[in-house]
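Student: The following file, data-v6.pdb, comprises PDB, C-alpha atoms and all ligand atoms:
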```
ATOM      1  CA  MET S   1       0.000   0.000   0.000
ATOM      2  CA  ASN S   2       1.112   3.575  -0.564
ATOM      3  CA  LEU S   3       2.249   6.013   2.066
ATOM      4  CA  ARG S   4      -0.544   7.709   4.022
ATOM      5  CA  LEU S   5      -0.308  11.019   5.862
ATOM      6  CA  ALA S   6      -2.011  11.203   9.265
ATOM      7  CA  ARG S   7      -2.517  14.726  10.596
ATOM      8  CA  THR S   8      -4.512  13.831  13.682
ATOM      9  CA  ILE S   9      -3.997  11.487  16.608
ATOM     10  CA  ALA S  10      -7.286   9.757  15.730
ATOM     11  CA  GLU S  11      -6.096   9.068  12.167
ATOM     12  CA  ALA S  12      -2.757   7.723  13.394
ATOM     13  CA  ARG S  13      -4.457   5.465  15.936
ATOM     14  CA  ALA S  14      -6.908   4.156  13.300
ATOM     15  CA  GLU S  15      -4.026   3.297  10.932
ATOM     16  CA  VAL S  16      -2.155   1.420  13.645
ATOM     17  CA  ALA S  17      -5.301  -0.397  14.817
ATOM     18  CA  ALA S  18      -5.947  -1.609  11.252
ATOM     19  CA  ALA S  19      -2.349  -2.831  10.963
ATOM     20  CA  ARG S  20      -2.664  -4.659  14.287
ATOM     21  CA  THR S  21      -5.785  -6.505  13.110
ATOM     22  CA  ARG S  22      -3.685  -7.644  10.122
ATOM     23  CA  GLY S  23      -1.195  -9.083  12.639
ATOM     24  CA  LEU S  24       1.638  -6.724  11.656
ATOM     25  CA  SER S  25       4.379  -5.680  14.067
ATOM     26  CA  ILE S  26       4.541  -1.914  14.485
ATOM     27  CA  ALA S  27       7.647   0.291  14.385
ATOM     28  CA  VAL S  28       7.929   4.001  15.062
ATOM     29  CA  VAL S  29      10.711   6.363  14.000
ATOM     30  CA  PRO S  30      10.314   9.674  15.859
ATOM     31  CA  THR S  31      11.842  12.662  14.031
ATOM     32  CA  MET S  32      11.542  16.420  13.741
ATOM     33  CA  GLY S  33      11.473  16.227   9.930
ATOM     34  CA  ALA S  34      13.882  17.862   7.453
ATOM     35  CA  LEU S  35      14.878  14.272   6.833
ATOM     36  CA  HIS S  36      18.362  13.358   5.645
ATOM     37  CA  THR S  37      20.407  10.209   5.072
ATOM     38  CA  GLY S  38      20.841   9.702   8.829
ATOM     39  CA  HIS S  39      17.077   9.531   9.331
ATOM     40  CA  ALA S  40      16.866   7.301   6.256
ATOM     41  CA  ALA S  41      19.135   4.753   7.982
ATOM     42  CA  LEU S  42      16.659   4.519  10.892
ATOM     43  CA  ILE S  43      13.708   4.268   8.498
ATOM     44  CA  GLU S  44      15.344   1.575   6.355
ATOM     45  CA  ARG S  45      16.182  -0.484   9.426
ATOM     46  CA  ALA S  46      12.598  -0.112  10.714
ATOM     47  CA  CYS S  47      11.166  -1.159   7.337
ATOM     48  CA  ALA S  48      13.467  -4.193   7.220
ATOM     49  CA  GLU S  49      12.483  -5.338  10.720
ATOM     50  CA  SER S  50       8.767  -4.502  11.025
ATOM     51  CA  GLY S  51       5.585  -5.098   9.056
ATOM     52  CA  PHE S  52       4.212  -1.593   9.587
ATOM     53  CA  VAL S  53       6.288   1.571   9.953
ATOM     54  CA  VAL S  54       5.143   4.945  11.264
ATOM     55  CA  VAL S  55       7.503   7.917  10.889
ATOM     56  CA  THR S  56       6.560  10.867  13.065
ATOM     57  CA  LEU S  57       7.432  14.412  11.965
ATOM     58  CA  PHE S  58       6.947  16.890  14.763
ATOM     59  CA  VAL S  59       9.044  19.869  15.776
ATOM     60  CA  ASN S  60       8.243  19.753  19.465
ATOM     61  CA  PRO S  61       8.171  23.252  20.987
ATOM     62  CA  LEU S  62       8.502  21.782  24.489
ATOM     63  CA  GLN S  63      12.084  20.638  23.886
ATOM     64  CA  PHE S  64      13.466  23.936  22.545
ATOM     65  CA  ASN S  65      15.072  26.161  25.137
ATOM     66  CA  ASP S  66      15.928  28.713  22.449
ATOM     67  CA  ALA S  67      13.010  30.386  20.631
ATOM     68  CA  GLY S  68      15.199  31.307  17.638
ATOM     69  CA  ASP S  69      16.330  27.717  17.209
ATOM     70  CA  TYR S  70      12.659  26.628  17.209
ATOM     71  CA  SER S  71      11.433  29.242  14.745
ATOM     72  CA  ASN S  72      14.402  28.633  12.392
ATOM     73  CA  TYR S  73      14.133  24.857  12.492
ATOM     74  CA  PRO S  74      14.040  23.614   8.856
ATOM     75  CA  HIS S  75      10.788  22.156   7.436
ATOM     76  CA  ASN S  76      10.235  20.382   4.143
ATOM     77  CA  LEU S  77       7.126  18.219   4.295
ATOM     78  CA  GLN S  78       7.005  17.248   0.626
ATOM     79  CA  ALA S  79      10.657  16.129   0.537
ATOM     80  CA  ASP S  80      10.107  14.207   3.795
ATOM     81  CA  LEU S  81       7.051  12.433   2.347
ATOM     82  CA  ASP S  82       9.017  11.539  -0.795
ATOM     83  CA  LEU S  83      11.881  10.086   1.245
ATOM     84  CA  CYS S  84       9.428   8.047   3.352
ATOM     85  CA  GLU S  85       7.495   6.809   0.329
ATOM     86  CA  GLU S  86      10.698   5.700  -1.437
ATOM     87  CA  ARG S  87      11.733   3.712   1.638
ATOM     88  CA  GLY S  88       8.346   1.958   1.965
ATOM     89  CA  VAL S  89       7.019   3.722   5.085
ATOM     90  CA  ASP S  90       3.318   3.042   5.735
ATOM     91  CA  VAL S  91       2.247   6.160   7.628
ATOM     92  CA  VAL S  92       3.745   9.578   8.277
ATOM     93  CA  PHE S  93       2.236  11.113  11.391
ATOM     94  CA  ALA S  94       2.724  14.896  11.148
ATOM     95  CA  PRO S  95       0.486  16.552  13.737
ATOM     96  CA  SER S  96       0.185  20.288  14.339
ATOM     97  CA  VAL S  97       1.286  21.798  17.647
ATOM     98  CA  ASP S  98      -2.409  22.268  18.538
ATOM     99  CA  GLU S  99      -3.122  18.622  17.856
ATOM    100  CA  MET S 100      -0.328  17.501  20.204
ATOM    101  CA  TYR S 101      -0.861  20.235  22.805
ATOM    102  CA  PRO S 102      -4.486  21.461  22.621
ATOM    103  CA  ARG S 103      -3.864  23.190  25.939
ATOM    104  CA  ALA S 104      -0.792  23.769  28.068
ATOM    105  CA  THR S 105       0.351  20.363  29.268
ATOM    106  CA  ARG S 106       0.313  19.990  33.033
ATOM    107  CA  THR S 107       1.982  16.590  32.889
ATOM    108  CA  HIS S 108       5.653  16.103  32.119
ATOM    109  CA  VAL S 109       8.093  13.233  32.178
ATOM    110  CA  ASP S 110      11.234  14.076  34.146
ATOM    111  CA  VAL S 111      14.077  11.594  34.015
ATOM    112  CA  ASP S 112      16.707  12.537  36.575
ATOM    113  CA  THR S 113      20.478  11.954  36.738
ATOM    114  CA  VAL S 114      20.952  10.839  33.098
ATOM    115  CA  THR S 115      19.656  14.247  32.041
ATOM    116  CA  GLU S 116      21.972  16.302  34.254
ATOM    117  CA  PRO S 117      25.309  16.617  32.409
ATOM    118  CA  MET S 118      26.055  17.839  28.880
ATOM    119  CA  GLU S 119      22.854  18.610  26.928
ATOM    120  CA  GLY S 120      20.902  18.833  30.168
ATOM    121  CA  ARG S 121      23.274  21.471  31.509
ATOM    122  CA  PHE S 122      23.410  23.557  28.335
ATOM    123  CA  ARG S 123      19.757  23.123  27.309
ATOM    124  CA  PRO S 124      17.672  23.417  30.478
ATOM    125  CA  GLY S 125      14.288  21.725  30.085
ATOM    126  CA  HIS S 126      15.284  20.049  26.809
ATOM    127  CA  PHE S 127      15.071  16.445  28.001
ATOM    128  CA  ARG S 128      11.845  17.079  29.874
ATOM    129  CA  GLY S 129      10.362  18.142  26.526
ATOM    130  CA  VAL S 130      11.887  15.169  24.720
ATOM    131  CA  ALA S 131      10.755  12.567  27.272
ATOM    132  CA  THR S 132       7.261  14.059  27.426
ATOM    133  CA  VAL S 133       6.735  14.095  23.665
ATOM    134  CA  VAL S 134       8.254  10.647  23.155
ATOM    135  CA  ALA S 135       5.974   9.251  25.885
ATOM    136  CA  LYS S 136       2.994  10.823  24.078
ATOM    137  CA  LEU S 137       4.112   9.406  20.711
ATOM    138  CA  PHE S 138       4.585   5.975  22.296
ATOM    139  CA  HIS S 139       1.046   6.118  23.705
ATOM    140  CA  ILE S 140      -0.397   7.229  20.375
ATOM    141  CA  VAL S 141       1.400   4.678  18.170
ATOM    142  CA  GLN S 142       1.894   1.875  20.735
ATOM    143  CA  PRO S 143       4.770   0.415  18.740
ATOM    144  CA  ASP S 144       6.606  -2.864  19.287
ATOM    145  CA  ARG S 145       9.899  -1.203  18.334
ATOM    146  CA  ALA S 146      11.187   2.351  18.275
ATOM    147  CA  TYR S 147      14.265   3.505  16.358
ATOM    148  CA  PHE S 148      16.712   6.134  17.607
ATOM    149  CA  GLY S 149      20.115   7.354  16.441
ATOM    150  CA  GLU S 150      23.356   6.921  18.332
ATOM    151  CA  LYS S 151      24.015  10.507  17.169
ATOM    152  CA  ASP S 152      21.881  11.674  20.127
ATOM    153  CA  ALA S 153      23.363   9.237  22.639
ATOM    154  CA  GLN S 154      22.233  11.085  25.744
ATOM    155  CA  GLN S 155      18.682  11.338  24.383
ATOM    156  CA  LEU S 156      18.700   7.604  23.796
ATOM    157  CA  ALA S 157      19.969   6.974  27.342
ATOM    158  CA  VAL S 158      17.123   9.156  28.675
ATOM    159  CA  ILE S 159      14.468   7.325  26.641
ATOM    160  CA  ARG S 160      15.930   3.959  27.608
ATOM    161  CA  ARG S 161      15.639   4.892  31.260
ATOM    162  CA  MET S 162      12.076   6.193  30.817
ATOM    163  CA  VAL S 163      11.018   3.006  29.003
ATOM    164  CA  ASP S 164      12.509   0.867  31.792
ATOM    165  CA  ASP S 165      11.221   2.942  34.690
ATOM    166  CA  LEU S 166       7.688   3.387  33.314
ATOM    167  CA  ASN S 167       7.313  -0.145  31.892
ATOM    168  CA  PHE S 168       6.709   0.733  28.275
ATOM    169  CA  SER S 169       6.616  -2.561  26.406
ATOM    170  CA  ILE S 170       8.764  -1.296  23.536
ATOM    171  CA  LYS S 171      12.096  -2.530  22.218
ATOM    172  CA  LEU S 172      14.470   0.340  21.514
ATOM    173  CA  VAL S 173      16.756  -0.043  18.519
ATOM    174  CA  GLU S 174      19.925   2.058  18.327
ATOM    175  CA  VAL S 175      21.183   2.922  14.843
ATOM    176  CA  PRO S 176      24.818   4.011  14.201
ATOM    177  CA  THR S 177      25.543   7.607  13.208
ATOM    178  CA  VAL S 178      25.595   8.348   9.484
ATOM    179  CA  ARG S 179      28.341  10.794   8.467
ATOM    180  CA  GLU S 180      29.380  12.783   5.457
ATOM    181  CA  THR S 181      32.727  11.773   3.924
ATOM    182  CA  SER S 182      34.388  14.584   5.918
ATOM    183  CA  GLY S 183      33.249  12.862   9.127
ATOM    184  CA  LEU S 184      30.590  15.516   9.876
ATOM    185  CA  ALA S 185      27.531  13.770  11.298
ATOM    186  CA  MET S 186      24.388  14.306   9.217
ATOM    187  CA  SER S 187      22.027  16.725  10.955
ATOM    188  CA  SER S 188      19.041  18.804   9.922
ATOM    189  CA  ARG S 189      20.875  21.792  11.410
ATOM    190  CA  ASN S 190      23.736  21.338   8.880
ATOM    191  CA  GLN S 191      21.389  23.046   6.373
ATOM    192  CA  ARG S 192      22.046  26.276   8.241
ATOM    193  CA  LEU S 193      25.839  26.117   7.759
ATOM    194  CA  SER S 194      27.530  28.280   5.146
ATOM    195  CA  GLU S 195      30.174  26.601   2.966
ATOM    196  CA  ALA S 196      32.949  27.969   5.208
ATOM    197  CA  GLU S 197      31.143  26.905   8.398
ATOM    198  CA  ARG S 198      30.715  23.395   7.006
ATOM    199  CA  GLN S 199      34.525  23.141   6.674
ATOM    200  CA  TRP S 200      35.050  24.359  10.246
ATOM    201  CA  ALA S 201      32.388  22.006  11.604
ATOM    202  CA  VAL S 202      34.653  18.996  10.941
ATOM    203  CA  ALA S 203      36.556  20.137  14.056
ATOM    204  CA  LEU S 204      33.883  18.325  16.067
ATOM    205  CA  TYR S 205      34.533  14.885  14.602
ATOM    206  CA  LYS S 206      38.293  15.465  14.461
ATOM    207  CA  ALA S 207      38.377  16.248  18.197
ATOM    208  CA  LEU S 208      36.289  13.153  18.994
ATOM    209  CA  GLU S 209      38.482  10.952  16.818
ATOM    210  CA  GLU S 210      41.619  12.268  18.486
ATOM    211  CA  ALA S 211      40.142  11.591  21.930
ATOM    212  CA  ARG S 212      39.246   8.071  20.841
ATOM    213  CA  ARG S 213      42.765   7.498  19.485
ATOM    214  CA  VAL S 214      44.353   8.656  22.747
ATOM    215  CA  ILE S 215      42.058   6.419  24.835
ATOM    216  CA  GLU S 216      42.646   3.411  22.603
ATOM    217  CA  SER S 217      46.388   3.921  22.836
ATOM    218  CA  GLY S 218      46.178   3.461  26.605
ATOM    219  CA  GLU S 219      45.590   6.873  28.221
ATOM    220  CA  ALA S 220      43.370   6.401  31.274
ATOM    221  CA  SER S 221      43.140   9.983  32.499
ATOM    222  CA  ALA S 222      40.042  11.727  31.141
ATOM    223  CA  ALA S 223      41.693  15.099  31.835
ATOM    224  CA  VAL S 224      44.648  14.229  29.593
ATOM    225  CA  VAL S 225      42.353  12.969  26.828
ATOM    226  CA  LYS S 226      40.177  16.075  27.052
ATOM    227  CA  ALA S 227      43.232  18.347  26.896
ATOM    228  CA  ARG S 228      44.367  16.605  23.705
ATOM    229  CA  ALA S 229      40.894  16.982  22.139
ATOM    230  CA  ALA S 230      40.860  20.652  23.170
ATOM    231  CA  GLU S 231      44.121  21.173  21.260
ATOM    232  CA  VAL S 232      42.430  19.849  18.118
ATOM    233  CA  LEU S 233      39.457  22.170  18.648
ATOM    234  CA  ALA S 234      41.855  25.081  19.164
ATOM    235  CA  GLU S 235      43.115  24.565  15.595
ATOM    236  CA  TYR S 236      39.677  25.863  14.515
ATOM    237  CA  PRO S 237      39.334  29.303  16.145
ATOM    238  CA  GLN S 238      36.030  29.855  14.320
ATOM    239  CA  VAL S 239      34.465  27.139  16.452
ATOM    240  CA  SER S 240      33.691  27.332  20.172
ATOM    241  CA  ALA S 241      33.130  24.255  22.306
ATOM    242  CA  GLU S 242      30.338  24.104  24.894
ATOM    243  CA  TYR S 243      31.531  20.846  26.389
ATOM    244  CA  LEU S 244      33.653  17.835  25.624
ATOM    245  CA  GLU S 245      33.032  15.020  28.084
ATOM    246  CA  ILE S 246      34.050  11.440  28.571
ATOM    247  CA  VAL S 247      31.076   9.651  30.054
ATOM    248  CA  ASP S 248      29.773   6.325  31.200
ATOM    249  CA  PRO S 249      27.913   4.864  28.190
ATOM    250  CA  ASP S 250      24.842   3.943  30.277
ATOM    251  CA  ASP S 251      24.253   6.695  32.817
ATOM    252  CA  MET S 252      26.102   9.444  30.895
ATOM    253  CA  HIS S 253      27.980  10.612  33.952
ATOM    254  CA  PRO S 254      31.425  12.154  33.388
ATOM    255  CA  ILE S 255      34.235   9.861  34.465
ATOM    256  CA  GLU S 256      37.780  10.679  35.514
ATOM    257  CA  THR S 257      39.620   7.391  35.052
ATOM    258  CA  ILE S 258      38.920   5.329  31.957
ATOM    259  CA  THR S 259      38.853   1.610  32.764
ATOM    260  CA  GLY S 260      36.232   0.310  30.305
ATOM    261  CA  PRO S 261      34.094   1.377  27.342
ATOM    262  CA  VAL S 262      33.165   5.072  27.353
ATOM    263  CA  ARG S 263      31.417   7.579  25.169
ATOM    264  CA  ILE S 264      33.083  10.834  24.197
ATOM    265  CA  ALA S 265      30.522  13.556  23.549
ATOM    266  CA  CYS S 266      30.953  17.120  22.381
ATOM    267  CA  ALA S 267      28.863  20.173  21.521
ATOM    268  CA  ILE S 268      30.191  23.111  19.496
ATOM    269  CA  LEU S 269      28.927  26.370  18.113
ATOM    270  CA  VAL S 270      29.828  27.193  14.512
ATOM    271  CA  GLY S 271      28.544  30.689  13.898
ATOM    272  CA  LYS S 272      24.981  30.549  15.229
ATOM    273  CA  THR S 273      24.589  26.829  14.676
ATOM    274  CA  ARG S 274      24.953  24.387  17.541
ATOM    275  CA  LEU S 275      26.141  20.888  16.638
ATOM    276  CA  ILE S 276      26.545  17.766  18.767
ATOM    277  CA  ASP S 277      28.255  14.464  18.128
ATOM    278  CA  ASN S 278      29.747  11.524  20.018
ATOM    279  CA  VAL S 279      31.796   8.364  19.503
ATOM    280  CA  ARG S 280      32.457   5.279  21.570
ATOM    281  CA  ALA S 281      35.928   4.299  22.729
ATOM    282  CA  THR S 282      37.228   1.194  24.430
ATOM    283  CA  PRO S 283      40.658   1.193  26.072
ATOM    284  CA  HIS S 284      43.060  -1.395  24.787
ATOM    285  CA  PRO S 285      43.177  -4.391  27.156
ATOM    286  CA  GLY S 286      46.352  -4.504  29.210
TER     287      GLY S 286
HETATM  288  P1  LIG S 301      15.858  14.578  14.867
HETATM  289  O1  LIG S 301      14.970  14.754  13.666
HETATM  290  O2  LIG S 301      17.113  15.386  14.817
HETATM  291  O3  LIG S 301      15.112  14.685  16.159
HETATM  292  O4  LIG S 301      16.362  13.075  14.803
HETATM  293  C1  LIG S 301      15.463  12.003  14.750
HETATM  294  C2  LIG S 301      16.210  10.714  14.966
HETATM  295  O5  LIG S 301      17.197  10.558  13.948
HETATM  296  C3  LIG S 301      16.949  10.690  16.305
HETATM  297  O6  LIG S 301      16.813   9.398  16.885
HETATM  298  C4  LIG S 301      18.360  10.976  15.900
HETATM  299  O7  LIG S 301      19.318  10.428  16.789
HETATM  300  C5  LIG S 301      18.444  10.296  14.544
HETATM  301  N1  LIG S 301      19.532  10.876  13.746
HETATM  302  C6  LIG S 301      19.755  12.195  13.511
HETATM  303  N2  LIG S 301      20.879  12.355  12.785
HETATM  304  C7  LIG S 301      21.394  11.108  12.585
HETATM  305  C8  LIG S 301      22.558  10.608  11.920
HETATM  306  N3  LIG S 301      23.432  11.402  11.329
HETATM  307  N4  LIG S 301      22.761   9.271  11.917
HETATM  308  C9  LIG S 301      21.873   8.431  12.531
HETATM  309  N5  LIG S 301      20.763   8.850  13.174
HETATM  310  C10 LIG S 301      20.519  10.161  13.199
END
```
Would you encode the structure as structure tokens?

Tutor:
Amino acid sequence: MNLRLARTIAEARAEVAAARTRGLSIAVVPTMGALHTGHAALIERACAESGFVVVTLFVNPLQFNDAGDYSNYPHNLQADLDLCEERGVDVVFAPSVDEMYPRATRTHVDVDTVTEPMEGRFRPGHFRGVATVVAKLFHIVQPDRAYFGEKDAQQLAVIRRMVDDLNFSIKLVEVPTVRETSGLAMSSRNQRLSEAERQWAVALYKALEEARRVIESGEASAAVVKARAAEVLAEYPQVSAEYLEIVDPDDMHPIETITGPVRIACAILVGKTRLIDNVRATPHPG
């Protein structure tokens, strides 16, 4: 069957209910639209693993702590529908803000601890907005599986914790980060970069790669690793770093001595555009 566009919660629920009566397993891929090859990787994986795939397109005002970032967020519904149709998606759920929030929500999902460092520190309220909207989308679609990108590792850790703590019966699938050949992670916000800014933005991946190299060559001190990554960032004076942290891959807490697998995460500003990325690193045994 061809792609269908659901604009209301009732339409989305009716589509999923019909798929359930046909015995299909349901997948959801939550996105904010302006879809790119990174989103396509999640969608393709969902289509390969599930009988019925719902892609949600919703720029959630609740998770933006910066009004300018919200109002400038890119939109391209027709291109998003084309990408979904080509990949074999069944339903795109693209509700309006009024449909999702007909009145000010008095109920929020707050996940503590995992949300404190990094994005939580620099974007107050962001994860509360994310967890609340993802909980709503999970209740609307009631999927068997939900697909998220490793690109937003802290977001995934937050959702994982919410799903565990609140007993959602949903399997979370983590999809590796898709990058441009320069190493720059695909992001809807890359559309805002000028040609020059795009060249400077590679500083982010270069710093992460250097940190990974230093960890894998045996350095156990996070401070030493971070200092080395900071030197790489300093080669790009056009870029300013908000944070570069070495964290526990599960609870996202910064660690000082690296004894096992870690995640290195970084946020930078290139001009007015804020970019985040992360990589895993495992110290060499012995
Ligand atoms: P967004 O539209 O930015 O909210 O992203 C929707 C989903 O796509 C999230 O689970 C992201 O982690 C994932 N995603 C975004 N960029 C990439 C990428 N470059 N590679 C893989 N997944 C991505």

Student: Hey, which of S:Val133, S:Ile170, S:Val53, S:Leu3 ends up closest to ligand LIG 301 (chain S)? Count all atoms listed in the file.

Tutor: S:Val133

Student: Quick check, in Å to one decimal: how far apart do atom CA of Ala196 of chain S and atom CA of Glu235 of chain S lie?

Tutor: 14.9 Å

Student: Written as number ranges by chain, which residues does the PyMOL selection byres (((not hetatm)) within 9 of (chain S and resi 301)) give for the file shown?

Tutor: S: 29-42, 57-59, 147-153, 155-156, 174-180, 184-189, 277

Student: Using the chain letters and residue numbers of this document, give as a list in words the residues selected by the PyMOL selection byres (((chain S and resi 136-145) around 8) and not hetatm).

Tutor: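 Here the PyMOL selection byres (((chain S and resi 136-145) around 8) and not hetatm) matches Ile9, Ala12, Arg13, Val16, Ser25, Ile26, Ala27, Val28, Pro30, Val54, Thr132, Val133, Val134, Ala135, Ala146, Tyr147, Ser169, Ile170, Lys171, Leu172 and Val173 of chain S.
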
Student: Find the spatial neighbours of Pro237 of chain S, counting only C-alpha atoms, within a cut-off of 12 Å - ignore same-chain residues fewer than 6 positions away - and output them as a ChimeraX atom specification.

Tutor: /S:197,200-201,203,230-231,268-271

Student: Could you take the residues named above and write them with C-alpha atoms, as a CSV table (one decimal), in the frame of the given file?

Tutor:
```csv
chain,number,residue,atom,x,y,z
S,197,GLU,CA,31.1,26.9,8.4
S,200,TRP,CA,35.0,24.4,10.2
S,201,ALA,CA,32.4,22.0,11.6
S,203,ALA,CA,36.6,20.1,14.1
S,230,ALA,CA,40.9,20.7,23.2
S,231,GLU,CA,44.1,21.2,21.3
S,268,ILE,CA,30.2,23.1,19.5
S,269,LEU,CA,28.9,26.4,18.1
S,270,VAL,CA,29.8,27.2,14.5
S,271,GLY,CA,28.5,30.7,13.9
```

Student: My list of candidates is S:Ile255, S:Gln199, S:Val232, S:Phe52. Which is closest to Pro117 of chain S when distances are computed with all atoms listed in the file?

Tutor: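 Comparing S:Ile255, S:Gln199, S:Val232, S:Phe52 against Pro117 of chain S, the winner is S:Ile255.
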
Student: Between atom CA of Ala46 of chain S and atom CA of Arg161 of chain S, what is the distance, to one decimal in Å?

Tutor: 21.4 Å

Student: Kindly output segment 171-188 of chain S as an mmCIF file, in the frame of the given file, after building N, CA, C and O atoms.

Tutor:
```
data_model
loop_
_atom_site.group_PDB
_atom_site.id
_atom_site.type_symbol
_atom_site.label_atom_id
_atom_site.label_comp_id
_atom_site.auth_asym_id
_atom_site.auth_seq_id
_atom_site.Cartn_x
_atom_site.Cartn_y
_atom_site.Cartn_z
ATOM 1 N N LYS S 171 10.667 -2.252 22.384
ATOM 2 C CA LYS S 171 12.096 -2.530 22.218
ATOM 3 C C LYS S 171 12.731 -1.326 21.513
ATOM 4 O O LYS S 171 12.247 -0.896 20.459
ATOM 5 N N LEU S 172 13.781 -0.802 22.124
ATOM 6 C CA LEU S 172 14.470 0.340 21.514
ATOM 7 C C LEU S 172 15.608 -0.165 20.639
ATOM 8 O O LEU S 172 16.384 -1.025 21.059
ATOM 9 N N VAL S 173 15.696 0.365 19.441
ATOM 10 C CA VAL S 173 16.756 -0.043 18.519
ATOM 11 C C VAL S 173 17.638 1.177 18.257
ATOM 12 O O VAL S 173 17.147 2.241 17.880
ATOM 13 N N GLU S 174 18.960 0.962 18.486
ATOM 14 C CA GLU S 174 19.925 2.058 18.327
ATOM 15 C C GLU S 174 20.615 1.914 16.971
ATOM 16 O O GLU S 174 21.133 0.844 16.667
ATOM 17 N N VAL S 175 20.621 2.982 16.199
ATOM 18 C CA VAL S 175 21.183 2.922 14.843
ATOM 19 C C VAL S 175 22.447 3.798 14.793
ATOM 20 O O VAL S 175 22.434 4.945 15.265
ATOM 21 N N PRO S 176 23.563 3.244 14.234
ATOM 22 C CA PRO S 176 24.818 4.011 14.201
ATOM 23 C C PRO S 176 24.699 5.332 13.442
ATOM 24 O O PRO S 176 23.864 5.472 12.541
ATOM 25 N N THR S 177 25.560 6.263 13.806
ATOM 26 C CA THR S 177 25.543 7.607 13.208
ATOM 27 C C THR S 177 26.001 7.570 11.752
ATOM 28 O O THR S 177 27.038 6.980 11.439
ATOM 29 N N VAL S 178 25.228 8.226 10.898
ATOM 30 C CA VAL S 178 25.595 8.348 9.484
ATOM 31 C C VAL S 178 26.333 9.676 9.302
ATOM 32 O O VAL S 178 25.869 10.719 9.793
ATOM 33 N N ARG S 179 27.483 9.614 8.616
ATOM 34 C CA ARG S 179 28.341 10.794 8.467
ATOM 35 C C ARG S 179 28.572 11.139 7.010
ATOM 36 O O ARG S 179 28.499 10.262 6.150
ATOM 37 N N GLU S 180 28.903 12.397 6.775
ATOM 38 C CA GLU S 180 29.380 12.783 5.457
ATOM 39 C C GLU S 180 30.812 12.261 5.305
ATOM 40 O O GLU S 180 31.421 11.845 6.296
ATOM 41 N N THR S 181 31.367 12.322 4.098
ATOM 42 C CA THR S 181 32.727 11.773 3.924
ATOM 43 C C THR S 181 33.740 12.536 4.769
ATOM 44 O O THR S 181 34.748 11.976 5.193
ATOM 45 N N SER S 182 33.474 13.795 5.073
ATOM 46 C CA SER S 182 34.388 14.584 5.918
ATOM 47 C C SER S 182 34.377 14.109 7.368
ATOM 48 O O SER S 182 35.211 14.535 8.162
ATOM 49 N N GLY S 183 33.399 13.281 7.734
ATOM 50 C CA GLY S 183 33.249 12.862 9.127
ATOM 51 C C GLY S 183 32.108 13.596 9.815
ATOM 52 O O GLY S 183 31.599 13.158 10.842
ATOM 53 N N LEU S 184 31.686 14.736 9.265
ATOM 54 C CA LEU S 184 30.590 15.516 9.876
ATOM 55 C C LEU S 184 29.326 14.665 9.943
ATOM 56 O O LEU S 184 28.893 14.103 8.931
ATOM 57 N N ALA S 185 28.762 14.556 11.147
ATOM 58 C CA ALA S 185 27.531 13.770 11.298
ATOM 59 C C ALA S 185 26.390 14.476 10.589
ATOM 60 O O ALA S 185 26.254 15.699 10.682
ATOM 61 N N MET S 186 25.568 13.718 9.877
ATOM 62 C CA MET S 186 24.388 14.306 9.217
ATOM 63 C C MET S 186 23.482 14.899 10.287
ATOM 64 O O MET S 186 23.265 14.277 11.337
ATOM 65 N N SER S 187 22.942 16.071 10.022
ATOM 66 C CA SER S 187 22.027 16.725 10.955
ATOM 67 C C SER S 187 21.161 17.701 10.182
ATOM 68 O O SER S 187 21.651 18.344 9.237
ATOM 69 N N SER S 188 19.913 17.822 10.589
ATOM 70 C CA SER S 188 19.041 18.804 9.922
ATOM 71 C C SER S 188 19.626 20.198 10.075
ATOM 72 O O SER S 188 19.458 21.049 9.200
#
```
